[in-house]
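Student: Attaching a single structure in structure tokens format; questions to follow.
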Amino acid sequence: MKTMITGNEAAAWGARLARVKVVSAYPITPQTKVVEKIAEFIANGEMDARYIRVESEHSAMAACISAENTGVRTFTATSAHGLALMHEMLMWAAYARLPIVMAVINRAMAPPWSIWADHQDSMAQRDTGWIQIYSESNQEELDAVLMLYKICEDKDVLLPAMTMMDAFILSHTMEPVDIPDQKLVDDFLPELDLPHRLDINRPAGHGSLIMPEGPVMEYRKAMADAFAGVRDKILKVEEEFREIFGREYGGLVEEYRTEDADAIAVVSSTIASTSKEVVDRMRERGLKVGLARVRYFRPFPHRELREIAKKTDMLGVIDRSYTFGYGGALYAETKGVLYGHSDIPVKNYIMGIGGRDVTPEILEKVFMDMLKIAKDGAVDTEVEWVGLIGDERWSA
Amino acid sequence: MEFEFPTPLTTVPSTANKTGVWRTFRPVINYEKCIRCYICWKFCPEPAISFVPGDKYPAPSEAFLKRDAVEINYDYCKGCGICANECPKGAIDFVLERGDGQ
């Protein structure tokens with residue numbers, strides 16, 4: 001059924017179609033409508049789930065962990081400070097190997113208060129052991145929720161996942177979305193069968209103390225091995241999804257007009273859709289630019305980025321966050337995986353912080369800068385902030 | 001190493017971890033002063049204080065022997081000192097462990 005819904009509603013529909021059994025969440029702008037919509041589904045009897053009201057996001061994740069431990073599918077959603085408050089429980093969920101799925105509406109961290117899109121909140125959670133995917137459209141958000149349950153609940157994976165969308169740009173904007181038939185979703189997504197669920201016939205302690213000589217390190221390695229296998233699961237599940245629903249997204253990294261490109265932008269989320277428009281316009285004028293849209297940041301698409309680097313003369317990595325280490329996270333990790341594999345120049349563009357508008361005009365200037373670097377064979381500035389107030393170079 | 005489950009499930013009770021070895025200071029009940037009020041039992045967070053028959057230990061007077069005495073389980077007492085701090089009679093001494101279990 002094709003309908004007009006917001007990104008938040010698309011995430012809620014994903015949870016409903018996945019027949020989630022327990023939802024626990026705490027409201028925060030711009031996530032609120034996700035859980036409001038789910039509460040409405042449950043109140044109307046359209047969704048057979050238990051909605052647990054809690055006093056904080058830390059408790060919301062704790063409730064999801066407890067429920068998931070009993071072997072039922074759970075869902076939650078949050079943003080920014082709510083996600084930061086969950087931090088401890090995020091690691092608990094991952095290390096307990098619970099395939100919880102959560103919608104994160106990317107919002108800037110305060111101070112100053114800003115409720116608009118940037119990726120600081122989820123990038124700060126990149127080491128918690130959660131799979132991370134960044135959606136570009138409302139349809140992709142809904143489809144991602146369905147695919148993630150299938151990926152995460154695989155016996156060889158058993159990891160949680162967060163699916164990100166940009167605040168307001170997707171969360172509060174209506175787009176045409178095809179809401180799949182429940183029967184098709186049921187065929188695609190079987191019921192959860194959690195091997196280590198709480199079982200009264202098998203009394204056991206979950207998460208008890210283990211001494212340094214006990215197998216804590218071995219369990220961590222087993223989790224790292226499971227993460228290493230996620231890439232193939234993603235590709236397999238996306239293929240199954242395409243066969244049933246007729247939609248596909250390009251795996252971990254979607255390539256757009258990368259053929260014989262002189263310069264390729266590496267970018268995620270909604271900046272990617274604006275960039276596609278700019279790539280089209282520039283290609284019409286004979287300027288050979290392309291785009292690599294990083295969908296999955298965890299696991300990091302190292303193989304894909306190494307292949308993309310072989311196709312072009314430079315990469316321009318656009319980050320909508322900053323790590324206060326060196327550059328943005330996407331840039332630092334992209335450069336890291338290219339070391340020893342590619343010598344092409346890589347430049348980092350920090351854009352859209354605090355919801356600063358990333359327009360086609362500014363993106364075209366970025367692409368022109370990238371083409372110049374491709375020609376020169378060297379970067380002028382490794383990390384550059386683009387679109388600052390009063391900066392003549394980048395003003396549209 | 002092969003694991004049956006992806007995360008550790010402990011099938012032995014948590015009492016298998018004898019956490020008393022973490023203790024630096026040892027609480028020692030002076031039964032000549034102890035009036036068997038059980039405040040230490042209420043406050044012990046472990047809990048490592050339990051009841052034993054009243055005649056197992058001496059008491060300030062014969063009347064107290066009718067009430068259960070308290071006893072510290074040194075297998076699990078981590079030596080936090082809360083019992084010694086809460087005792088209204090100052091009947092719990094807090095002594096440095098010598099490392100020989102005495």
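By order in the structure tokens, chains are A, B, ...; within a chain, residues start at 1; ligands start at 1, following the order shown.
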At a cut-off of 10 Å, which residues of chain B touch chain A? Count only C-alpha atoms and give the answer as a list in words.

Tutor: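 That gives Met1, Glu2, Phe3, Glu4, Phe5, Pro6, Thr7, Pro8, Leu9, Thr10, Thr11, Val12, Pro13, Ser14 and Asn17 of chain B for chain B.
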
Student: Keeping only N, CA and C atoms, write the selected residues to a file as a tab-separated table (two decimals), in the first residue's frame.

Tutor:
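Generated file (selection-v4.tsv):
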chain	number	residue	atom	x	y	z
B	1	MET	N	38.12	-21.89	21.00
B	1	MET	CA	37.18	-22.26	22.06
B	1	MET	C	35.74	-22.19	21.54
B	2	GLU	N	34.98	-23.24	21.77
B	2	GLU	CA	33.58	-23.28	21.32
B	2	GLU	C	32.66	-22.95	22.49
B	3	PHE	N	31.64	-22.16	22.22
B	3	PHE	CA	30.70	-21.82	23.27
B	3	PHE	C	29.31	-22.33	22.89
B	4	GLU	N	28.58	-22.81	23.91
B	4	GLU	CA	27.23	-23.27	23.66
B	4	GLU	C	26.31	-22.09	23.39
B	5	PHE	N	26.55	-20.99	24.10
B	5	PHE	CA	25.72	-19.79	23.94
B	5	PHE	C	26.62	-18.60	23.60
B	6	PRO	N	26.04	-17.56	22.97
B	6	PRO	CA	26.88	-16.43	22.56
B	6	PRO	C	27.30	-15.52	23.71
B	7	THR	N	26.67	-15.67	24.86
B	7	THR	CA	27.01	-14.84	26.01
B	7	THR	C	27.09	-15.77	27.22
B	8	PRO	N	27.92	-15.45	28.21
B	8	PRO	CA	28.09	-16.40	29.32
B	8	PRO	C	26.82	-16.60	30.13
B	9	LEU	N	26.40	-17.84	30.30
B	9	LEU	CA	25.31	-18.19	31.20
B	9	LEU	C	25.94	-18.97	32.35
B	10	THR	N	25.78	-18.46	33.55
B	10	THR	CA	26.42	-19.09	34.69
B	10	THR	C	25.49	-20.14	35.28
B	11	THR	N	25.97	-21.37	35.35
B	11	THR	CA	25.11	-22.43	35.88
B	11	THR	C	25.49	-22.82	37.30
B	12	VAL	N	26.51	-22.16	37.88
B	12	VAL	CA	26.80	-22.37	39.30
B	12	VAL	C	26.22	-21.17	40.06
B	13	PRO	N	25.81	-21.37	41.33
B	13	PRO	CA	25.28	-20.22	42.08
B	13	PRO	C	26.36	-19.18	42.32
B	14	SER	N	25.95	-17.94	42.51
B	14	SER	CA	26.94	-16.87	42.70
B	14	SER	C	27.74	-17.06	43.98
B	17	ASN	N	31.53	-17.77	44.04
B	17	ASN	CA	32.55	-16.73	44.11
B	17	ASN	C	32.74	-16.32	45.56

Student: Residues within 12 Å of Val185 (chain A), please, as a list in words. Count only C-alpha atoms; anything in the same chain fewer than 2 positions from it doesn't count.

Tutor: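 Here the qualifying residues turn out to be Trp13, Gly14, Ala15, Arg16, Leu17, Ala18, Arg19, Leu142, Asp143, Val145, Leu146, Met147, Tyr149, Lys150, Ile179, Pro180, Asp181, Gln182, Lys183, Asp187, Phe188, Leu189, Pro190, Glu191, Glu240, Phe241, Ile244 and Phe245 of chain A.
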
Student: Please produce an output containing C-alpha atoms for each residue in the selection, written as a PDB file, in the first residue's frame.

Tutor:
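Result file is out_39.pdb:
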ATOM      1  CA  TRP A  13       5.338   0.884  10.724  1.00  0.00           C
ATOM      2  CA  GLY A  14       8.554  -1.142  10.573  1.00  0.00           C
ATOM      3  CA  ALA A  15       8.100  -2.166  14.218  1.00  0.00           C
ATOM      4  CA  ARG A  16       4.425  -2.978  13.645  1.00  0.00           C
ATOM      5  CA  LEU A  17       5.066  -5.098  10.556  1.00  0.00           C
ATOM      6  CA  ALA A  18       7.922  -6.912  12.334  1.00  0.00           C
ATOM      7  CA  ARG A  19       5.344  -7.969  14.963  1.00  0.00           C
ATOM      8  CA  LEU A 142      10.947   1.178   7.110  1.00  0.00           C
ATOM      9  CA  ASP A 143      12.741  -1.465   5.055  1.00  0.00           C
ATOM     10  CA  VAL A 145      13.840  -2.067  10.396  1.00  0.00           C
ATOM     11  CA  LEU A 146      12.538  -5.238   8.722  1.00  0.00           C
ATOM     12  CA  MET A 147      15.927  -6.243   7.323  1.00  0.00           C
ATOM     13  CA  TYR A 149      15.575  -7.915  12.599  1.00  0.00           C
ATOM     14  CA  LYS A 150      16.379 -10.626  10.086  1.00  0.00           C
ATOM     15  CA  ILE A 179       3.911  -0.180   3.318  1.00  0.00           C
ATOM     16  CA  PRO A 180       4.411  -3.868   2.579  1.00  0.00           C
ATOM     17  CA  ASP A 181       1.707  -6.460   2.978  1.00  0.00           C
ATOM     18  CA  GLN A 182       1.797  -8.119   6.427  1.00  0.00           C
ATOM     19  CA  LYS A 183       1.660 -11.565   4.840  1.00  0.00           C
ATOM     20  CA  ASP A 187       7.070 -14.849   5.059  1.00  0.00           C
ATOM     21  CA  PHE A 188      10.282 -12.807   5.091  1.00  0.00           C
ATOM     22  CA  LEU A 189      10.731 -12.522   8.860  1.00  0.00           C
ATOM     23  CA  PRO A 190      10.238 -15.638  11.020  1.00  0.00           C
ATOM     24  CA  GLU A 191       9.554 -15.471  14.753  1.00  0.00           C
ATOM     25  CA  GLU A 240      16.038 -12.001  -0.080  1.00  0.00           C
ATOM     26  CA  PHE A 241      14.324  -8.689   0.568  1.00  0.00           C
ATOM     27  CA  ILE A 244      10.076 -10.501  -2.033  1.00  0.00           C
ATOM     28  CA  PHE A 245       9.557  -6.727  -2.005  1.00  0.00           C
TER      29      PHE A 245
END

Student: Among region 22-84 of chain B, which residues carry a DSSP assignment of strand (DSSP E), reported as a PyMOL selection string?

Tutor: chain B and resi 25-29+49-52+69-72

Student: Which of these, A:Ala103, A:Val54, A:Ala49, A:Ala272, has the shortest distance to Val358 (chain A) once you count only C-alpha atoms?

Tutor: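 Closest to Val358 (chain A) of all the choices is A:Ala272.
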